[in-house]
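One structure is given below, encoded as structure tokens.
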Amino acid sequence: MSFHLDAIGVVHPNGHRALNSVTLAARDGERIAVIGPSGAGKTTLLRVLGAALRPTEGSVEVLGEKPWHLPAGALKKLRARIGTVHQSPPIAPRLRVVTAVLAGRLGQWSTLRALGSLFHPSDIAGAHEALARLGMEDRLFDRCDRLSGGQLQRVGIARVLYQRPALLLADEPVSALDPTLSDAAAGRLVEQSEATGSTLVASLHAVDLALRWFPRIVGMRNGQVVFDLPAAHVTAAMLDALYASEGGIAAQHPPPGAAMEPAFQRPDCP
Amino acid sequence: MLALSEFRPWALFDGGNLAVIGGFLAGFFPPDGSPAFMALLFKATLETLAMATAGTALALLIGAPLGFVTTRALSISRIGPGPGRVQAGVVRQAARWLLMVLRAIPEIVWALLFVRALGLGPASGVLALAITYGGMLGKVYAEILESTDTRPARALLEGGSGRFAALCYGLLPNTAQELASYTVYRWECAVRASVVMGFVGAGGLGQLMDQSMKMLNGGEASSILLVFLALVLLADLLSNALRRLLA
């Protein structure tokens, strides 16, 4: 069992209820896409999974541990095994790309090694390899404030690829990329999950991408799980209901054919 | 209110007072350049610089760790919120109180105290500066770290990194310039403060100034003021060089 959420509820300090009785579990190595309109609670769900947000109600179990029952040291170790791709990559602009990628393993490194790596990057080959998977290896020694939004987002993904976490969380990981790059980047995340056996949970706005790369789809709306199905069982009607009353539905929506038979588009999945 | 503060500006234009001030100010030009005084001035300048530099360095040793402890930007227990939140809050508050106590008492008071204990000389000035400026540096460091974008550091902490690593990778890249220029500015303030402390016997340019003023020697006073100007200029150059280096 990779994670198990039981009747999770999250009420933010301002009184807004972000999650309402969410129950969700995943086996090791599963790949799950979370879809749903803006404000559905996708980010909050990922933050709960990442042991970054303590839910108001319910119990959390991640990678065999109950994070909020752990002492501080063990919680830190658990967090080092979880990797998160953030929607807007939280990377200090003056950092060099190589350092920003290597920062993925800060949770595993000693403070001394972290400090040394700031001046002499300790694993240039590792950072190069992670960036090469996203076509960014030529920017290795550039500063992050010289990158475009899409390039920075790929650096954020490379950081998590380099981290090699046991649970890989991605919050809108490709929101700043064009369709071709989005597809490639989503593919890299899936590859990583397949290669390392890590569980992958990604929230995605692009439904076609979710259906193409992820075997399991979780639809969320108003802080609740509306459906939790294999990709092949997700119908256009379900998606209509999920995104109903959201303005940009037509643009987001895949053609009905793609929604009905999503799996066959995936080249590496028989 | 004016009577209470003995504010009587017309006393300035009283005939006798005017003559005294006029004579003193007239003595400002030319500045005193005699070799004997220059030697004295040089030694006093070195003393002041040493006092300010040693005081600021010690202040850095006090302020940097306390600022690191105090800043909320690096709190692990606030994530979640997680375990140990109460303890961490107590430690942070205690450090904050300590910083407050350190900087609440003006350096001149500490200097007076240490002059009594250690005797006349720059050593008491150094200690006085270290204590008060340590409190100021710690407070401002903590606030500079909080006022920048704290998401990079927070993301690293959420990924299991330690506080110090999160500081180096998440906060320092964006704040090093500001931290350095504030530290150099504090050094500049320390130069000025060490002058004031010289008046109470802590040595350096202040003591020299005190003697020149008491003897109403305008030429010496203006030479000393020119040195102040040069020192502030030096601080400015240093600050700019550091900012360029960290850019």
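Here, A, B, ... name the chains of the structure tokens in the order displayed, residue numbers run from 1 inside each chain, and ligands are numbered from 1 in the same displayed order.
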Within 8 Å of chain B, which residues of chain A are there when counting only C-alpha atoms? Please give them as a JSON list (two decimals) with N, CA and C atoms, in the first residue's frame.
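Result saved to selection_27.json:
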[["chain", "number", "residue", "atom", "x", "y", "z"],
["A", 50, "GLY", "N", 1.45, 14.68, 0.44],
["A", 50, "GLY", "CA", 2.86, 15.01, 0.60],
["A", 50, "GLY", "C", 3.25, 15.28, 2.04],
["A", 51, "ALA", "N", 2.35, 15.05, 2.98],
["A", 51, "ALA", "CA", 2.60, 15.32, 4.40],
["A", 51, "ALA", "C", 2.99, 16.78, 4.61],
["A", 52, "ALA", "N", 2.42, 17.64, 3.78],
["A", 52, "ALA", "CA", 2.69, 19.07, 3.91],
["A", 52, "ALA", "C", 1.51, 19.79, 4.55],
["A", 53, "LEU", "N", 0.38, 19.11, 4.60],
["A", 53, "LEU", "CA", -0.81, 19.72, 5.18],
["A", 53, "LEU", "C", -1.52, 18.67, 6.04],
["A", 54, "ARG", "N", -1.80, 19.06, 7.27],
["A", 54, "ARG", "CA", -2.43, 18.12, 8.19],
["A", 54, "ARG", "C", -3.94, 18.28, 8.06],
["A", 68, "TRP", "N", 1.34, 12.15, 10.80],
["A", 68, "TRP", "CA", 1.04, 13.08, 11.89],
["A", 68, "TRP", "C", 1.11, 12.41, 13.25],
["A", 70, "LEU", "N", 4.12, 10.77, 13.75],
["A", 70, "LEU", "CA", 5.56, 10.55, 13.81],
["A", 70, "LEU", "C", 6.25, 11.67, 14.58],
["A", 71, "PRO", "N", 7.37, 11.35, 15.23],
["A", 71, "PRO", "CA", 8.21, 12.41, 15.78],
["A", 71, "PRO", "C", 8.88, 13.18, 14.63],
["A", 72, "ALA", "N", 9.40, 14.37, 14.95],
["A", 72, "ALA", "CA", 9.88, 15.28, 13.90],
["A", 72, "ALA", "C", 10.92, 14.64, 12.99],
["A", 75, "LEU", "N", 9.38, 12.14, 10.56],
["A", 75, "LEU", "CA", 8.55, 12.84, 9.59],
["A", 75, "LEU", "C", 9.44, 13.44, 8.49],
["A", 76, "LYS", "N", 10.59, 13.96, 8.89],
["A", 76, "LYS", "CA", 11.54, 14.54, 7.94],
["A", 76, "LYS", "C", 12.02, 13.45, 6.97],
["A", 77, "LYS", "N", 12.31, 12.25, 7.52],
["A", 77, "LYS", "CA", 12.77, 11.15, 6.66],
["A", 77, "LYS", "C", 11.67, 10.73, 5.70],
["A", 78, "LEU", "N", 10.43, 10.70, 6.21],
["A", 78, "LEU", "CA", 9.31, 10.33, 5.35],
["A", 78, "LEU", "C", 9.17, 11.34, 4.21],
["A", 79, "ARG", "N", 9.26, 12.63, 4.53],
["A", 79, "ARG", "CA", 9.11, 13.67, 3.51],
["A", 79, "ARG", "C", 10.19, 13.57, 2.45],
["A", 80, "ALA", "N", 11.39, 13.10, 2.86],
["A", 80, "ALA", "CA", 12.47, 12.97, 1.88],
["A", 80, "ALA", "C", 12.17, 11.89, 0.85],
["A", 81, "ARG", "N", 11.22, 10.98, 1.18],
["A", 81, "ARG", "CA", 10.86, 9.91, 0.24],
["A", 81, "ARG", "C", 9.69, 10.31, -0.65],
["A", 82, "ILE", "N", 9.16, 11.51, -0.45],
["A", 82, "ILE", "CA", 8.06, 12.00, -1.26],
["A", 82, "ILE", "C", 8.58, 13.16, -2.10],
["A", 83, "GLY", "N", 8.29, 13.14, -3.38],
["A", 83, "GLY", "CA", 8.73, 14.24, -4.24],
["A", 83, "GLY", "C", 7.54, 14.96, -4.82],
["A", 84, "THR", "N", 7.61, 16.27, -4.88],
["A", 84, "THR", "CA", 6.49, 17.05, -5.39],
["A", 84, "THR", "C", 6.94, 17.96, -6.51],
["A", 90, "PRO", "N", 8.84, 26.34, -7.14],
["A", 90, "PRO", "CA", 9.41, 27.20, -6.10],
["A", 90, "PRO", "C", 10.92, 27.06, -6.08],
["A", 91, "ILE", "N", 11.57, 27.78, -6.99],
["A", 91, "ILE", "CA", 13.03, 27.71, -7.11],
["A", 91, "ILE", "C", 13.56, 29.13, -7.01],
["A", 92, "ALA", "N", 14.55, 29.32, -6.15],
["A", 92, "ALA", "CA", 15.13, 30.65, -5.98],
["A", 92, "ALA", "C", 15.74, 31.10, -7.30],
["A", 93, "PRO", "N", 15.36, 32.28, -7.80],
["A", 93, "PRO", "CA", 15.75, 32.69, -9.16],
["A", 93, "PRO", "C", 17.25, 32.76, -9.38],
["A", 94, "ARG", "N", 18.03, 33.03, -8.34],
["A", 94, "ARG", "CA", 19.47, 33.19, -8.55],
["A", 94, "ARG", "C", 20.21, 31.87, -8.55],
["A", 95, "LEU", "N", 19.51, 30.78, -8.26],
["A", 95, "LEU", "CA", 20.16, 29.47, -8.24],
["A", 95, "LEU", "C", 20.50, 29.05, -9.67],
["A", 100, "ALA", "N", 19.65, 23.78, -8.64],
["A", 100, "ALA", "CA", 18.21, 23.63, -8.42],
["A", 100, "ALA", "C", 17.79, 22.18, -8.57],
["A", 103, "ALA", "N", 19.10, 20.02, -5.66],
["A", 103, "ALA", "CA", 18.37, 20.29, -4.42],
["A", 103, "ALA", "C", 17.30, 19.22, -4.16],
["A", 104, "GLY", "N", 16.95, 18.45, -5.19],
["A", 104, "GLY", "CA", 15.98, 17.37, -5.01],
["A", 104, "GLY", "C", 16.40, 16.36, -3.95],
["A", 106, "LEU", "N", 18.23, 17.04, -1.22],
["A", 106, "LEU", "CA", 18.66, 17.66, 0.05],
["A", 106, "LEU", "C", 18.18, 16.85, 1.25],
["A", 107, "GLY", "N", 17.01, 16.23, 1.10],
["A", 107, "GLY", "CA", 16.47, 15.44, 2.21],
["A", 107, "GLY", "C", 17.31, 14.21, 2.51],
["A", 108, "GLN", "N", 18.09, 13.77, 1.50],
["A", 108, "GLN", "CA", 18.90, 12.57, 1.71],
["A", 108, "GLN", "C", 20.35, 12.92, 2.06],
["A", 111, "THR", "N", 23.97, 17.94, 5.86],
["A", 111, "THR", "CA", 24.06, 19.40, 5.71],
["A", 111, "THR", "C", 25.40, 19.79, 5.10],
["A", 114, "ALA", "N", 25.34, 19.16, 1.44],
["A", 114, "ALA", "CA", 24.48, 20.17, 0.80],
["A", 114, "ALA", "C", 25.23, 21.48, 0.64],
["A", 115, "LEU", "N", 25.97, 21.85, 1.68],
["A", 115, "LEU", "CA", 26.70, 23.11, 1.67],
["A", 115, "LEU", "C", 27.81, 23.07, 0.62],
["A", 118, "LEU", "N", 26.73, 23.42, -2.99],
["A", 118, "LEU", "CA", 26.33, 24.77, -3.40],
["A", 118, "LEU", "C", 27.46, 25.44, -4.17]]
Give me the residues near Met197 in chain B as a short mmCIF file (atom, residue, chain, number, x, y, z; two decimals) with N, CA and C atoms, in the first residue's frame, where near means some atom within 7 Å (using only C-alpha atoms) and where sequence neighbours in that chain fewer than 5 positions away do not count.
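Everything below was put into selection.cif:
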data_model
loop_
_atom_site.label_atom_id
_atom_site.label_comp_id
_atom_site.auth_asym_id
_atom_site.auth_seq_id
_atom_site.Cartn_x
_atom_site.Cartn_y
_atom_site.Cartn_z
N ILE B 108 25.84 52.92 24.17
CA ILE B 108 26.58 53.86 24.99
C ILE B 108 26.47 53.48 26.48
N ALA B 111 28.74 50.64 27.01
CA ALA B 111 30.11 51.14 26.99
C ALA B 111 30.48 51.74 28.35
N GLY B 125 34.32 49.25 24.12
CA GLY B 125 33.52 49.64 22.97
C GLY B 125 33.15 48.43 22.12
N ALA B 202 36.04 55.18 25.56
CA ALA B 202 36.31 53.90 24.90
C ALA B 202 37.35 54.04 23.79
N GLY B 206 36.66 59.08 18.79
CA GLY B 206 35.76 59.80 19.68
C GLY B 206 36.51 60.47 20.82
#
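You will find CA of Gly55 in chain B at 4.6 Å from CA of Ala130 in chain B.
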Determine which residues of range 14-113 of chain A DSSP labels as helix (DSSP H, G or I) from the backbone of this structure, then write them out as a CSV table (one decimal) with C-alpha atoms, in the first residue's frame.
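Result written to selection-v2.csv:
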chain,number,residue,atom,x,y,z
A,42,LYS,CA,-6.8,18.8,-6.2
A,43,THR,CA,-3.9,20.8,-4.8
A,44,THR,CA,-5.1,20.3,-1.3
A,45,LEU,CA,-5.3,16.6,-1.8
A,46,LEU,CA,-1.7,16.5,-3.1
A,47,ARG,CA,-0.5,18.5,-0.1
A,48,VAL,CA,-2.2,16.1,2.3
A,49,LEU,CA,-0.5,13.2,0.4
A,67,PRO,CA,2.9,11.2,9.2
A,68,TRP,CA,1.0,13.1,11.9
A,69,HIS,CA,1.8,10.5,14.5
A,72,ALA,CA,9.9,15.3,13.9
A,73,GLY,CA,12.9,13.3,12.8
A,74,ALA,CA,11.0,10.4,11.3
A,75,LEU,CA,8.6,12.8,9.6
A,76,LYS,CA,11.5,14.5,7.9
A,77,LYS,CA,12.8,11.1,6.7
A,78,LEU,CA,9.3,10.3,5.3
A,79,ARG,CA,9.1,13.7,3.5
A,80,ALA,CA,12.5,13.0,1.9
A,97,VAL,CA,19.9,25.1,-12.9
A,98,VAL,CA,22.3,22.3,-11.8
A,99,THR,CA,22.0,23.4,-8.1
A,100,ALA,CA,18.2,23.6,-8.4
A,101,VAL,CA,18.1,20.1,-9.7
A,102,LEU,CA,20.5,18.7,-7.1
A,103,ALA,CA,18.4,20.3,-4.4
A,104,GLY,CA,16.0,17.4,-5.0
A,105,ARG,CA,18.1,15.2,-2.8
A,111,THR,CA,24.1,19.4,5.7
A,112,LEU,CA,27.8,19.4,5.0
A,113,ARG,CA,27.3,17.8,1.6
Long-range neighbours of Leu120 in chain B as a list in words, 12 Å cut-off, only C-alpha atoms, 4 positions minimum in chain: Ala111, Leu112, Leu113, Phe114, Val115, Arg116, Ser124, Gly125, Met197, Gly198, Phe199, Val200, Gly201, Ala202, Gly203, Gly204 and Gln207 of chain B
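If you look at CA of Gly64 in chain A and CA of Thr23 in chain A, they are 16.4 Å away from each other.
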Backbone-only DSSP, strand (DSSP E or B) members of range 49-149 of chain A, as a ChimeraX atom specification: /A:53,57-62,65,82-85,96,143
Could the residues in this selection be saved with C-alpha atoms as a compact mmCIF listing (two decimals), in the first residue's frame?
# COMPACT_ATOMS: atom_id res chain seq x y z
CA LEU A 53 -0.81 19.72 5.18
CA GLU A 57 -10.50 15.20 9.84
CA GLY A 58 -9.66 11.64 8.93
CA SER A 59 -6.49 9.61 8.94
CA VAL A 60 -3.51 9.62 6.58
CA GLU A 61 -1.12 6.81 5.92
CA VAL A 62 1.70 7.38 3.43
CA GLU A 65 3.69 5.61 8.06
CA ILE A 82 8.06 12.00 -1.26
CA GLY A 83 8.73 14.24 -4.24
CA THR A 84 6.49 17.05 -5.39
CA VAL A 85 6.36 18.90 -8.70
CA ARG A 96 21.91 27.78 -11.13
CA ARG A 143 20.79 30.77 -13.74
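Distance-wise, CA of Ala176 in chain A and CA of Met136 in chain A end up 15.0 Å apart.
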